[in-house]
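Text of upload30.pdb, listed as PDB, C-alpha atoms:
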ATOM      1  CA  MET A  18       4.565   3.336 -25.037  1.00  0.00           C
ATOM      2  CA  GLN A  19       3.449   5.496 -22.115  1.00  0.00           C
ATOM      3  CA  GLY A  20       4.964   5.481 -18.634  1.00  0.00           C
ATOM      4  CA  ASP A  21       8.621   5.924 -17.750  1.00  0.00           C
ATOM      5  CA  TRP A  22      11.500   4.144 -16.005  1.00  0.00           C
ATOM      6  CA  MET A  23      10.980   6.020 -12.749  1.00  0.00           C
ATOM      7  CA  GLY A  24       7.488   4.572 -12.410  1.00  0.00           C
ATOM      8  CA  ALA A  25       8.794   1.103 -13.284  1.00  0.00           C
ATOM      9  CA  LEU A  26      11.544   1.331 -10.651  1.00  0.00           C
ATOM     10  CA  VAL A  27       9.062   2.468  -7.998  1.00  0.00           C
ATOM     11  CA  LEU A  28       6.739  -0.406  -8.937  1.00  0.00           C
ATOM     12  CA  VAL A  29       9.535  -2.976  -8.583  1.00  0.00           C
ATOM     13  CA  THR A  30      10.617  -1.470  -5.244  1.00  0.00           C
ATOM     14  CA  TYR A  31       7.059  -1.701  -3.945  1.00  0.00           C
ATOM     15  CA  ALA A  32       6.627  -5.306  -5.091  1.00  0.00           C
ATOM     16  CA  PHE A  33       9.922  -6.722  -3.788  1.00  0.00           C
ATOM     17  CA  ALA A  34       9.847  -4.890  -0.439  1.00  0.00           C
ATOM     18  CA  PHE A  35       6.229  -6.055  -0.039  1.00  0.00           C
ATOM     19  CA  SER A  36       7.139  -9.668  -0.811  1.00  0.00           C
ATOM     20  CA  PHE A  37      10.131  -9.899   1.524  1.00  0.00           C
ATOM     21  CA  ALA A  38       8.359  -8.101   4.373  1.00  0.00           C
ATOM     22  CA  TYR A  39       5.361 -10.432   4.246  1.00  0.00           C
ATOM     23  CA  GLU A  40       7.584 -13.407   5.063  1.00  0.00           C
ATOM     24  CA  LYS A  41       7.458 -12.276   8.704  1.00  0.00           C
ATOM     25  CA  LEU A  42       4.184 -10.334   8.905  1.00  0.00           C
ATOM     26  CA  THR A  43       0.540 -11.361   9.082  1.00  0.00           C
ATOM     27  CA  ALA A  44      -1.806 -10.130   6.352  1.00  0.00           C
ATOM     28  CA  GLY A  45      -3.507  -7.499   8.513  1.00  0.00           C
ATOM     29  CA  THR A  46      -0.338  -6.134  10.128  1.00  0.00           C
ATOM     30  CA  GLY A  47       1.429  -5.904   6.779  1.00  0.00           C
ATOM     31  CA  ALA A  48      -1.491  -4.051   5.223  1.00  0.00           C
ATOM     32  CA  LEU A  49      -1.597  -1.516   8.075  1.00  0.00           C
ATOM     33  CA  LEU A  50       2.096  -0.761   7.647  1.00  0.00           C
ATOM     34  CA  LEU A  51       1.891  -0.709   3.852  1.00  0.00           C
ATOM     35  CA  PHE A  52      -0.890   1.833   3.632  1.00  0.00           C
ATOM     36  CA  GLY A  53       0.515   3.835   6.520  1.00  0.00           C
ATOM     37  CA  GLY A  54       3.631   4.373   4.431  1.00  0.00           C
ATOM     38  CA  ALA A  55       1.529   5.196   1.378  1.00  0.00           C
ATOM     39  CA  GLN A  56      -0.459   7.729   3.390  1.00  0.00           C
ATOM     40  CA  ALA A  57       2.718   9.415   4.612  1.00  0.00           C
ATOM     41  CA  ALA A  58       3.978   9.840   1.048  1.00  0.00           C
ATOM     42  CA  MET A  59       0.694  11.152  -0.338  1.00  0.00           C
ATOM     43  CA  ILE A  60      -0.159  13.479   2.556  1.00  0.00           C
ATOM     44  CA  GLY A  61       3.369  14.878   2.427  1.00  0.00           C
ATOM     45  CA  TYR A  62       2.925  15.573  -1.275  1.00  0.00           C
ATOM     46  CA  GLY A  63      -0.478  17.166  -0.653  1.00  0.00           C
ATOM     47  CA  VAL A  64       0.981  19.544   1.932  1.00  0.00           C
ATOM     48  CA  TRP A  65       3.881  20.351  -0.388  1.00  0.00           C
ATOM     49  CA  ILE A  66       1.576  21.401  -3.246  1.00  0.00           C
ATOM     50  CA  GLY A  67      -0.582  23.509  -0.940  1.00  0.00           C
ATOM     51  CA  GLU A  68      -3.537  21.349   0.139  1.00  0.00           C
ATOM     52  CA  ARG A  69      -4.978  22.687   3.389  1.00  0.00           C
ATOM     53  CA  PHE A  70      -6.979  20.879   6.076  1.00  0.00           C
ATOM     54  CA  ARG A  71      -9.579  21.909   8.620  1.00  0.00           C
ATOM     55  CA  GLY A  72      -9.473  20.874  12.266  1.00  0.00           C
ATOM     56  CA  PRO A  73     -11.650  17.720  11.943  1.00  0.00           C
ATOM     57  CA  GLN A  74      -9.640  16.559   8.925  1.00  0.00           C
ATOM     58  CA  VAL A  75      -6.386  16.909  10.823  1.00  0.00           C
ATOM     59  CA  LEU A  76      -7.908  15.055  13.787  1.00  0.00           C
ATOM     60  CA  GLY A  77      -9.057  12.238  11.492  1.00  0.00           C
ATOM     61  CA  ILE A  78      -5.579  11.864  10.003  1.00  0.00           C
ATOM     62  CA  VAL A  79      -3.993  11.913  13.478  1.00  0.00           C
ATOM     63  CA  ILE A  80      -6.376   9.213  14.756  1.00  0.00           C
ATOM     64  CA  ALA A  81      -5.728   7.015  11.703  1.00  0.00           C
ATOM     65  CA  ILE A  82      -1.960   7.351  12.088  1.00  0.00           C
ATOM     66  CA  ALA A  83      -2.238   6.754  15.835  1.00  0.00           C
ATOM     67  CA  GLY A  84      -3.754   3.374  15.034  1.00  0.00           C
ATOM     68  CA  LEU A  85      -0.635   2.498  13.078  1.00  0.00           C
ATOM     69  CA  VAL A  86       1.665   3.796  15.805  1.00  0.00           C
ATOM     70  CA  ALA A  87      -0.181   1.715  18.412  1.00  0.00           C
ATOM     71  CA  LEU A  88       0.515  -1.374  16.332  1.00  0.00           C
ATOM     72  CA  LEU A  89       4.265  -0.749  16.505  1.00  0.00           C
ATOM     73  CA  LEU A  90       4.531   0.001  20.217  1.00  0.00           C
ATOM     74  CA  PRO A  91       6.752  -2.450  22.112  1.00  0.00           C
ATOM     75  CA  GLY A  92       4.943  -5.534  23.271  1.00  0.00           C
ATOM     76  CA  LEU A  93       4.403  -9.207  22.668  1.00  0.00           C
ATOM     77  CA  ALA A  94       2.310  -8.685  19.538  1.00  0.00           C
ATOM     78  CA  ALA A  95       4.508  -6.039  17.921  1.00  0.00           C
ATOM     79  CA  PRO A  96       5.741  -7.074  14.442  1.00  0.00           C
ATOM     80  CA  PRO A  97       9.473  -7.605  13.707  1.00  0.00           C
ATOM     81  CA  TYR A  98      10.994  -4.184  13.162  1.00  0.00           C
ATOM     82  CA  GLY A  99      13.082  -5.184  10.143  1.00  0.00           C
ATOM     83  CA  ALA A 100      10.029  -6.472   8.307  1.00  0.00           C
ATOM     84  CA  ALA A 101       7.995  -3.485   9.500  1.00  0.00           C
ATOM     85  CA  ILE A 102      10.518  -0.986   8.114  1.00  0.00           C
ATOM     86  CA  LEU A 103      10.630  -2.884   4.823  1.00  0.00           C
ATOM     87  CA  MET A 104       6.834  -2.802   4.537  1.00  0.00           C
ATOM     88  CA  ILE A 105       6.684   0.916   5.334  1.00  0.00           C
ATOM     89  CA  GLY A 106       9.239   1.450   2.557  1.00  0.00           C
ATOM     90  CA  SER A 107       6.990  -0.528   0.249  1.00  0.00           C
ATOM     91  CA  GLY A 108       4.134   1.780   1.228  1.00  0.00           C
ATOM     92  CA  LEU A 109       6.185   4.860   0.424  1.00  0.00           C
ATOM     93  CA  ALA A 110       6.902   3.372  -3.000  1.00  0.00           C
ATOM     94  CA  TRP A 111       3.199   2.642  -3.557  1.00  0.00           C
ATOM     95  CA  GLY A 112       2.278   6.181  -2.547  1.00  0.00           C
ATOM     96  CA  THR A 113       4.784   7.505  -5.067  1.00  0.00           C
ATOM     97  CA  TYR A 114       3.390   5.181  -7.742  1.00  0.00           C
ATOM     98  CA  SER A 115      -0.116   6.481  -6.996  1.00  0.00           C
ATOM     99  CA  LEU A 116       1.034  10.090  -7.258  1.00  0.00           C
ATOM    100  CA  LEU A 117       2.655   9.413 -10.629  1.00  0.00           C
ATOM    101  CA  GLY A 118      -0.747   8.304 -11.911  1.00  0.00           C
ATOM    102  CA  ARG A 119      -2.222  11.744 -11.218  1.00  0.00           C
ATOM    103  CA  SER A 120      -0.086  13.341 -13.920  1.00  0.00           C
ATOM    104  CA  ARG A 121      -0.104  10.659 -16.598  1.00  0.00           C
ATOM    105  CA  GLY A 122      -2.390   9.974 -19.566  1.00  0.00           C
ATOM    106  CA  ASP A 123      -4.500   6.913 -20.291  1.00  0.00           C
ATOM    107  CA  PRO A 124      -4.529   4.598 -17.206  1.00  0.00           C
ATOM    108  CA  ILE A 125      -4.328   1.382 -19.268  1.00  0.00           C
ATOM    109  CA  ALA A 126      -1.449   2.548 -21.458  1.00  0.00           C
ATOM    110  CA  THR A 127       0.409   4.071 -18.507  1.00  0.00           C
ATOM    111  CA  ASN A 128       0.209   0.931 -16.363  1.00  0.00           C
ATOM    112  CA  ALA A 129       1.134  -1.247 -19.332  1.00  0.00           C
ATOM    113  CA  GLY A 130       4.223   0.893 -19.904  1.00  0.00           C
ATOM    114  CA  TYR A 131       5.238   0.606 -16.263  1.00  0.00           C
ATOM    115  CA  PHE A 132       4.703  -3.173 -16.186  1.00  0.00           C
ATOM    116  CA  ILE A 133       6.681  -3.751 -19.397  1.00  0.00           C
ATOM    117  CA  ARG A 134       9.613  -1.642 -18.171  1.00  0.00           C
ATOM    118  CA  ALA A 135       9.478  -3.266 -14.722  1.00  0.00           C
ATOM    119  CA  LEU A 136       9.795  -6.777 -16.165  1.00  0.00           C
ATOM    120  CA  PRO A 137      13.555  -6.754 -16.964  1.00  0.00           C
ATOM    121  CA  ILE A 138      14.333  -5.094 -13.611  1.00  0.00           C
ATOM    122  CA  ALA A 139      12.312  -7.748 -11.783  1.00  0.00           C
ATOM    123  CA  VAL A 140      14.069 -10.546 -13.683  1.00  0.00           C
ATOM    124  CA  VAL A 141      17.518  -9.214 -12.738  1.00  0.00           C
ATOM    125  CA  VAL A 142      16.584  -8.843  -9.058  1.00  0.00           C
ATOM    126  CA  SER A 143      14.987 -12.293  -9.015  1.00  0.00           C
ATOM    127  CA  LEU A 144      18.108 -13.905 -10.504  1.00  0.00           C
ATOM    128  CA  ALA A 145      20.230 -12.193  -7.879  1.00  0.00           C
ATOM    129  CA  TRP A 146      18.096 -13.817  -5.159  1.00  0.00           C
ATOM    130  CA  SER A 147      17.571 -17.136  -6.943  1.00  0.00           C
ATOM    131  CA  ASP A 148      19.392 -19.112  -4.230  1.00  0.00           C
ATOM    132  CA  TYR A 149      16.794 -18.098  -1.654  1.00  0.00           C
ATOM    133  CA  PHE A 150      13.602 -19.314  -3.324  1.00  0.00           C
ATOM    134  CA  SER A 151      12.187 -22.120  -5.437  1.00  0.00           C
ATOM    135  CA  ILE A 152       9.551 -22.099  -8.170  1.00  0.00           C
ATOM    136  CA  ASP A 153       6.753 -24.583  -8.715  1.00  0.00           C
ATOM    137  CA  THR A 154       4.055 -24.624 -11.383  1.00  0.00           C
ATOM    138  CA  ILE A 155       1.103 -23.728  -9.155  1.00  0.00           C
ATOM    139  CA  GLY A 156       3.026 -20.929  -7.454  1.00  0.00           C
ATOM    140  CA  ALA A 157       4.165 -19.476 -10.783  1.00  0.00           C
ATOM    141  CA  LEU A 158       0.613 -19.554 -12.182  1.00  0.00           C
ATOM    142  CA  CYS A 159      -0.804 -17.900  -9.065  1.00  0.00           C
ATOM    143  CA  ALA A 160       1.889 -15.211  -9.181  1.00  0.00           C
ATOM    144  CA  ALA A 161       1.215 -14.539 -12.873  1.00  0.00           C
ATOM    145  CA  ALA A 162      -2.534 -14.302 -12.272  1.00  0.00           C
ATOM    146  CA  SER A 163      -2.018 -12.007  -9.283  1.00  0.00           C
ATOM    147  CA  GLY A 164       0.365  -9.708 -11.110  1.00  0.00           C
ATOM    148  CA  ALA A 165      -0.992  -9.615 -14.642  1.00  0.00           C
ATOM    149  CA  VAL A 166      -4.727  -9.902 -13.922  1.00  0.00           C
ATOM    150  CA  THR A 167      -5.831  -8.816 -10.459  1.00  0.00           C
ATOM    151  CA  SER A 168      -3.057  -6.286  -9.807  1.00  0.00           C
ATOM    152  CA  GLY A 169      -3.083  -4.974 -13.364  1.00  0.00           C
ATOM    153  CA  VAL A 170      -6.838  -4.387 -13.363  1.00  0.00           C
ATOM    154  CA  GLY A 171      -6.720  -2.950  -9.847  1.00  0.00           C
ATOM    155  CA  TYR A 172      -3.991  -0.479 -10.758  1.00  0.00           C
ATOM    156  CA  ILE A 173      -5.917   0.686 -13.826  1.00  0.00           C
ATOM    157  CA  ILE A 174      -9.020   1.329 -11.708  1.00  0.00           C
ATOM    158  CA  TRP A 175      -6.956   3.139  -9.084  1.00  0.00           C
ATOM    159  CA  TYR A 176      -5.214   5.317 -11.687  1.00  0.00           C
ATOM    160  CA  THR A 177      -8.630   6.239 -13.063  1.00  0.00           C
ATOM    161  CA  VAL A 178      -9.938   7.276  -9.643  1.00  0.00           C
ATOM    162  CA  VAL A 179      -6.865   8.918  -8.112  1.00  0.00           C
ATOM    163  CA  ARG A 180      -6.755  11.752 -10.647  1.00  0.00           C
ATOM    164  CA  GLU A 181     -10.300  12.799  -9.692  1.00  0.00           C
ATOM    165  CA  ILE A 182      -9.592  13.382  -5.974  1.00  0.00           C
ATOM    166  CA  THR A 183      -6.969  15.161  -3.893  1.00  0.00           C
ATOM    167  CA  ALA A 184      -3.782  13.371  -2.905  1.00  0.00           C
ATOM    168  CA  THR A 185      -4.750  13.539   0.782  1.00  0.00           C
ATOM    169  CA  SER A 186      -8.215  12.103   0.170  1.00  0.00           C
ATOM    170  CA  ALA A 187      -6.738   9.256  -1.850  1.00  0.00           C
ATOM    171  CA  SER A 188      -4.170   8.434   0.823  1.00  0.00           C
ATOM    172  CA  THR A 189      -6.737   8.487   3.626  1.00  0.00           C
ATOM    173  CA  MET A 190      -9.267   6.279   1.859  1.00  0.00           C
ATOM    174  CA  GLN A 191      -6.592   3.679   1.163  1.00  0.00           C
ATOM    175  CA  LEU A 192      -6.307   3.041   4.891  1.00  0.00           C
ATOM    176  CA  SER A 193      -9.595   1.127   4.777  1.00  0.00           C
ATOM    177  CA  VAL A 194      -7.688  -1.730   3.114  1.00  0.00           C
ATOM    178  CA  PRO A 195      -5.817  -2.939   6.235  1.00  0.00           C
ATOM    179  CA  ALA A 196      -9.037  -3.617   8.150  1.00  0.00           C
ATOM    180  CA  ILE A 197     -10.441  -5.533   5.194  1.00  0.00           C
ATOM    181  CA  THR A 198      -7.180  -7.471   4.863  1.00  0.00           C
ATOM    182  CA  ALA A 199      -7.093  -8.281   8.575  1.00  0.00           C
ATOM    183  CA  ILE A 200     -10.597  -9.722   8.431  1.00  0.00           C
ATOM    184  CA  ALA A 201      -9.773 -11.687   5.277  1.00  0.00           C
ATOM    185  CA  GLY A 202      -6.596 -12.996   6.912  1.00  0.00           C
ATOM    186  CA  GLY A 203      -8.615 -14.264   9.849  1.00  0.00           C
ATOM    187  CA  VAL A 204     -11.319 -15.856   7.705  1.00  0.00           C
ATOM    188  CA  LEU A 205      -9.243 -17.275   4.843  1.00  0.00           C
ATOM    189  CA  LEU A 206      -5.819 -17.848   6.405  1.00  0.00           C
ATOM    190  CA  ALA A 207      -6.841 -18.586  10.009  1.00  0.00           C
ATOM    191  CA  GLU A 208      -4.589 -15.788  11.252  1.00  0.00           C
ATOM    192  CA  PRO A 209      -5.243 -14.594  14.834  1.00  0.00           C
ATOM    193  CA  LEU A 210      -7.109 -11.304  15.207  1.00  0.00           C
ATOM    194  CA  SER A 211      -5.187  -9.878  18.173  1.00  0.00           C
ATOM    195  CA  LEU A 212      -6.594  -7.116  20.357  1.00  0.00           C
ATOM    196  CA  ARG A 213      -3.776  -4.844  19.175  1.00  0.00           C
ATOM    197  CA  LEU A 214      -4.731  -5.356  15.525  1.00  0.00           C
ATOM    198  CA  ILE A 215      -8.463  -4.901  16.205  1.00  0.00           C
ATOM    199  CA  VAL A 216      -7.925  -1.646  18.125  1.00  0.00           C
ATOM    200  CA  SER A 217      -5.546  -0.347  15.453  1.00  0.00           C
ATOM    201  CA  SER A 218      -8.059  -1.141  12.709  1.00  0.00           C
ATOM    202  CA  ILE A 219     -10.908   0.574  14.575  1.00  0.00           C
ATOM    203  CA  ALA A 220      -8.786   3.682  15.143  1.00  0.00           C
ATOM    204  CA  THR A 221      -7.703   3.756  11.511  1.00  0.00           C
ATOM    205  CA  LEU A 222     -11.212   3.343  10.095  1.00  0.00           C
ATOM    206  CA  GLY A 223     -12.604   5.856  12.590  1.00  0.00           C
ATOM    207  CA  GLY A 224     -10.012   8.405  11.524  1.00  0.00           C
ATOM    208  CA  ILE A 225     -10.872   7.830   7.869  1.00  0.00           C
ATOM    209  CA  GLY A 226     -14.577   8.250   8.604  1.00  0.00           C
ATOM    210  CA  LEU A 227     -13.989  11.522  10.441  1.00  0.00           C
ATOM    211  CA  PHE A 228     -11.780  12.833   7.637  1.00  0.00           C
ATOM    212  CA  LEU A 229     -14.302  12.019   4.893  1.00  0.00           C
ATOM    213  CA  PHE A 230     -17.285  13.289   6.917  1.00  0.00           C
ATOM    214  CA  SER A 231     -15.555  16.610   7.583  1.00  0.00           C
ATOM    215  CA  MET A 232     -14.816  16.962   3.856  1.00  0.00           C
ATOM    216  CA  ARG A 233     -18.489  16.500   2.975  1.00  0.00           C
ATOM    217  CA  ARG A 234     -19.465  19.044   5.615  1.00  0.00           C
TER     218      ARG A 234
END
Render the structure in this file as structure tokens.
Amino acid sequence: MQGDWMGALVLVTYAFAFSFAYEKLTAGTGALLLFGGAQAAMIGYGVWIGERFRGPQVLGIVIAIAGLVALLLPGLAAPPYGAAILMIGSGLAWGTYSLLGRSRGDPIATNAGYFIRALPIAVVVSLAWSDYFSIDTIGALCAAASGAVTSGVGYIIWYTVVREITATSASTMQLSVPAITAIAGGVLLAEPLSLRLIVSSIATLGGIGLFLFSMRR
């Protein structure tokens, strides 16, 4: 069985921090914080292994991060800081999980190994928090489908792609997800699209666009 316990522990950390943080965050805000943390982990790794950036690439990264910083500035629409810190931690864990995929073998076997090892850890943590949640049939089925099907397939695709690009490119492109999530949250969950969230999303996507355009140049 491929994978290792480190990857399983990182996966569980990402999932639980993500779940608890989203109790107090909207879909779009949570996604911005999540992928901001992931970007920090992956860019830091890229710098550590010697990846170098040109001026426009640096500017693109700065603009994208500035969008995240603007979201957290004090104000009426700022998210709760406890939940925000938890979600950023989840992002750091996801960035680490993504980086592990760059040095592993077959994406399907690797993810399967991580998921199998993560299962007993998740059960223990869930039992420890059993007094704080309840389980119903529909919720359990949705969670199983989300974890075993959509997340599993998504992780396999991501592990296939991430080994073909630099760590910095991977981290920057992931920041397109928050804008998509914010729009989906407004359409599907009737969540308000605040001016703060809209401006942050525009800045983030603009920074990504500048980064990718400068790479092609």
* In terms of the shortest atom-to-atom distance over all atoms listed in the file, which of A:Val178, A:Ile225, A:Ala207, A:Ile138 is closest to A:Leu28? -> A:Ile138
Could you tell me, as a tab-separated table (two decimals) with C-alpha atoms, in the frame of the given file, exactly which residues end up selected when the PyMOL selection byres ((chain A and resi 43) around 9) is applied to this structure?
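Below is the file expr15.tsv, written as the result:
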chain	number	residue	atom	x	y	z
A	39	TYR	CA	5.36	-10.43	4.25
A	40	GLU	CA	7.58	-13.41	5.06
A	41	LYS	CA	7.46	-12.28	8.70
A	42	LEU	CA	4.18	-10.33	8.90
A	44	ALA	CA	-1.81	-10.13	6.35
A	45	GLY	CA	-3.51	-7.50	8.51
A	46	THR	CA	-0.34	-6.13	10.13
A	47	GLY	CA	1.43	-5.90	6.78
A	48	ALA	CA	-1.49	-4.05	5.22
A	96	PRO	CA	5.74	-7.07	14.44
A	199	ALA	CA	-7.09	-8.28	8.57
A	202	GLY	CA	-6.60	-13.00	6.91
A	208	GLU	CA	-4.59	-15.79	11.25
A	209	PRO	CA	-5.24	-14.59	14.83
* Asked: For the atom pair atom CA of A:Ile102 and atom CA of A:Ala83, what is the interatomic distance in Å to one decimal place?
  -> 16.8 Å
* Asked: What is the distance between atom CA of A:Ala55 and atom CA of A:Phe35, in Å to one decimal?
  ->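 A separation of 12.3 Å between them.
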* Written as a ChimeraX atom specification, which residues does the PyMOL selection byres ((chain A and resi 34) around 8) give for the file shown? -> /A:30-33,35-38,103-104,106-107
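If you measure from each of A:Ser217, A:Gln74, A:Ser168, A:Ser163 to A:Ala129 using all atoms listed in the file, the closest one turns out to be A:Ser168.
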* **Distance query 10 Å from (8.5, 6.5, -19.8) using all atoms listed in the file, result as an MDAnalysis selection string** => chainID A and resid 18:25 127 130:131 134
* Structure fact -> The distance between atom CA of A:Ile80 and atom CA of A:Leu205 is 28.4 Å
* To do: Pick out the closest residue to A:Leu51 from this set: A:Ala101, A:Val142, A:Val86, A:Leu210. Count only C-alpha atoms.
  => A:Ala101
Give me the result of the PyMOL selection byres ((chain A and resi 216) around 12) on this file, residue by residue, as an mmCIF file with C-alpha atoms, in the frame of the given file.
data_model
loop_
_atom_site.group_PDB
_atom_site.id
_atom_site.type_symbol
_atom_site.label_atom_id
_atom_site.label_comp_id
_atom_site.auth_asym_id
_atom_site.auth_seq_id
_atom_site.Cartn_x
_atom_site.Cartn_y
_atom_site.Cartn_z
ATOM 1 C CA THR A 46 -0.338 -6.134 10.128
ATOM 2 C CA LEU A 49 -1.597 -1.516 8.075
ATOM 3 C CA ILE A 80 -6.376 9.213 14.756
ATOM 4 C CA ALA A 81 -5.728 7.015 11.703
ATOM 5 C CA ALA A 83 -2.238 6.754 15.835
ATOM 6 C CA GLY A 84 -3.754 3.374 15.034
ATOM 7 C CA LEU A 85 -0.635 2.498 13.078
ATOM 8 C CA VAL A 86 1.665 3.796 15.805
ATOM 9 C CA ALA A 87 -0.181 1.715 18.412
ATOM 10 C CA LEU A 88 0.515 -1.374 16.332
ATOM 11 C CA ALA A 196 -9.037 -3.617 8.150
ATOM 12 C CA ALA A 199 -7.093 -8.281 8.575
ATOM 13 C CA LEU A 210 -7.109 -11.304 15.207
ATOM 14 C CA SER A 211 -5.187 -9.878 18.173
ATOM 15 C CA LEU A 212 -6.594 -7.116 20.357
ATOM 16 C CA ARG A 213 -3.776 -4.844 19.175
ATOM 17 C CA LEU A 214 -4.731 -5.356 15.525
ATOM 18 C CA ILE A 215 -8.463 -4.901 16.205
ATOM 19 C CA SER A 217 -5.546 -0.347 15.453
ATOM 20 C CA SER A 218 -8.059 -1.141 12.709
ATOM 21 C CA ILE A 219 -10.908 0.574 14.575
ATOM 22 C CA ALA A 220 -8.786 3.682 15.143
ATOM 23 C CA THR A 221 -7.703 3.756 11.511
ATOM 24 C CA LEU A 222 -11.212 3.343 10.095
ATOM 25 C CA GLY A 223 -12.604 5.856 12.590
#
* Asked: Of the residues A:Ile82, A:Ile152, A:Ala58, A:Val64, which is the one nearest to A:Thr113, using only C-alpha atoms?
  ->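 Of the candidates, the smallest distance to A:Thr113 is held by A:Ala58.
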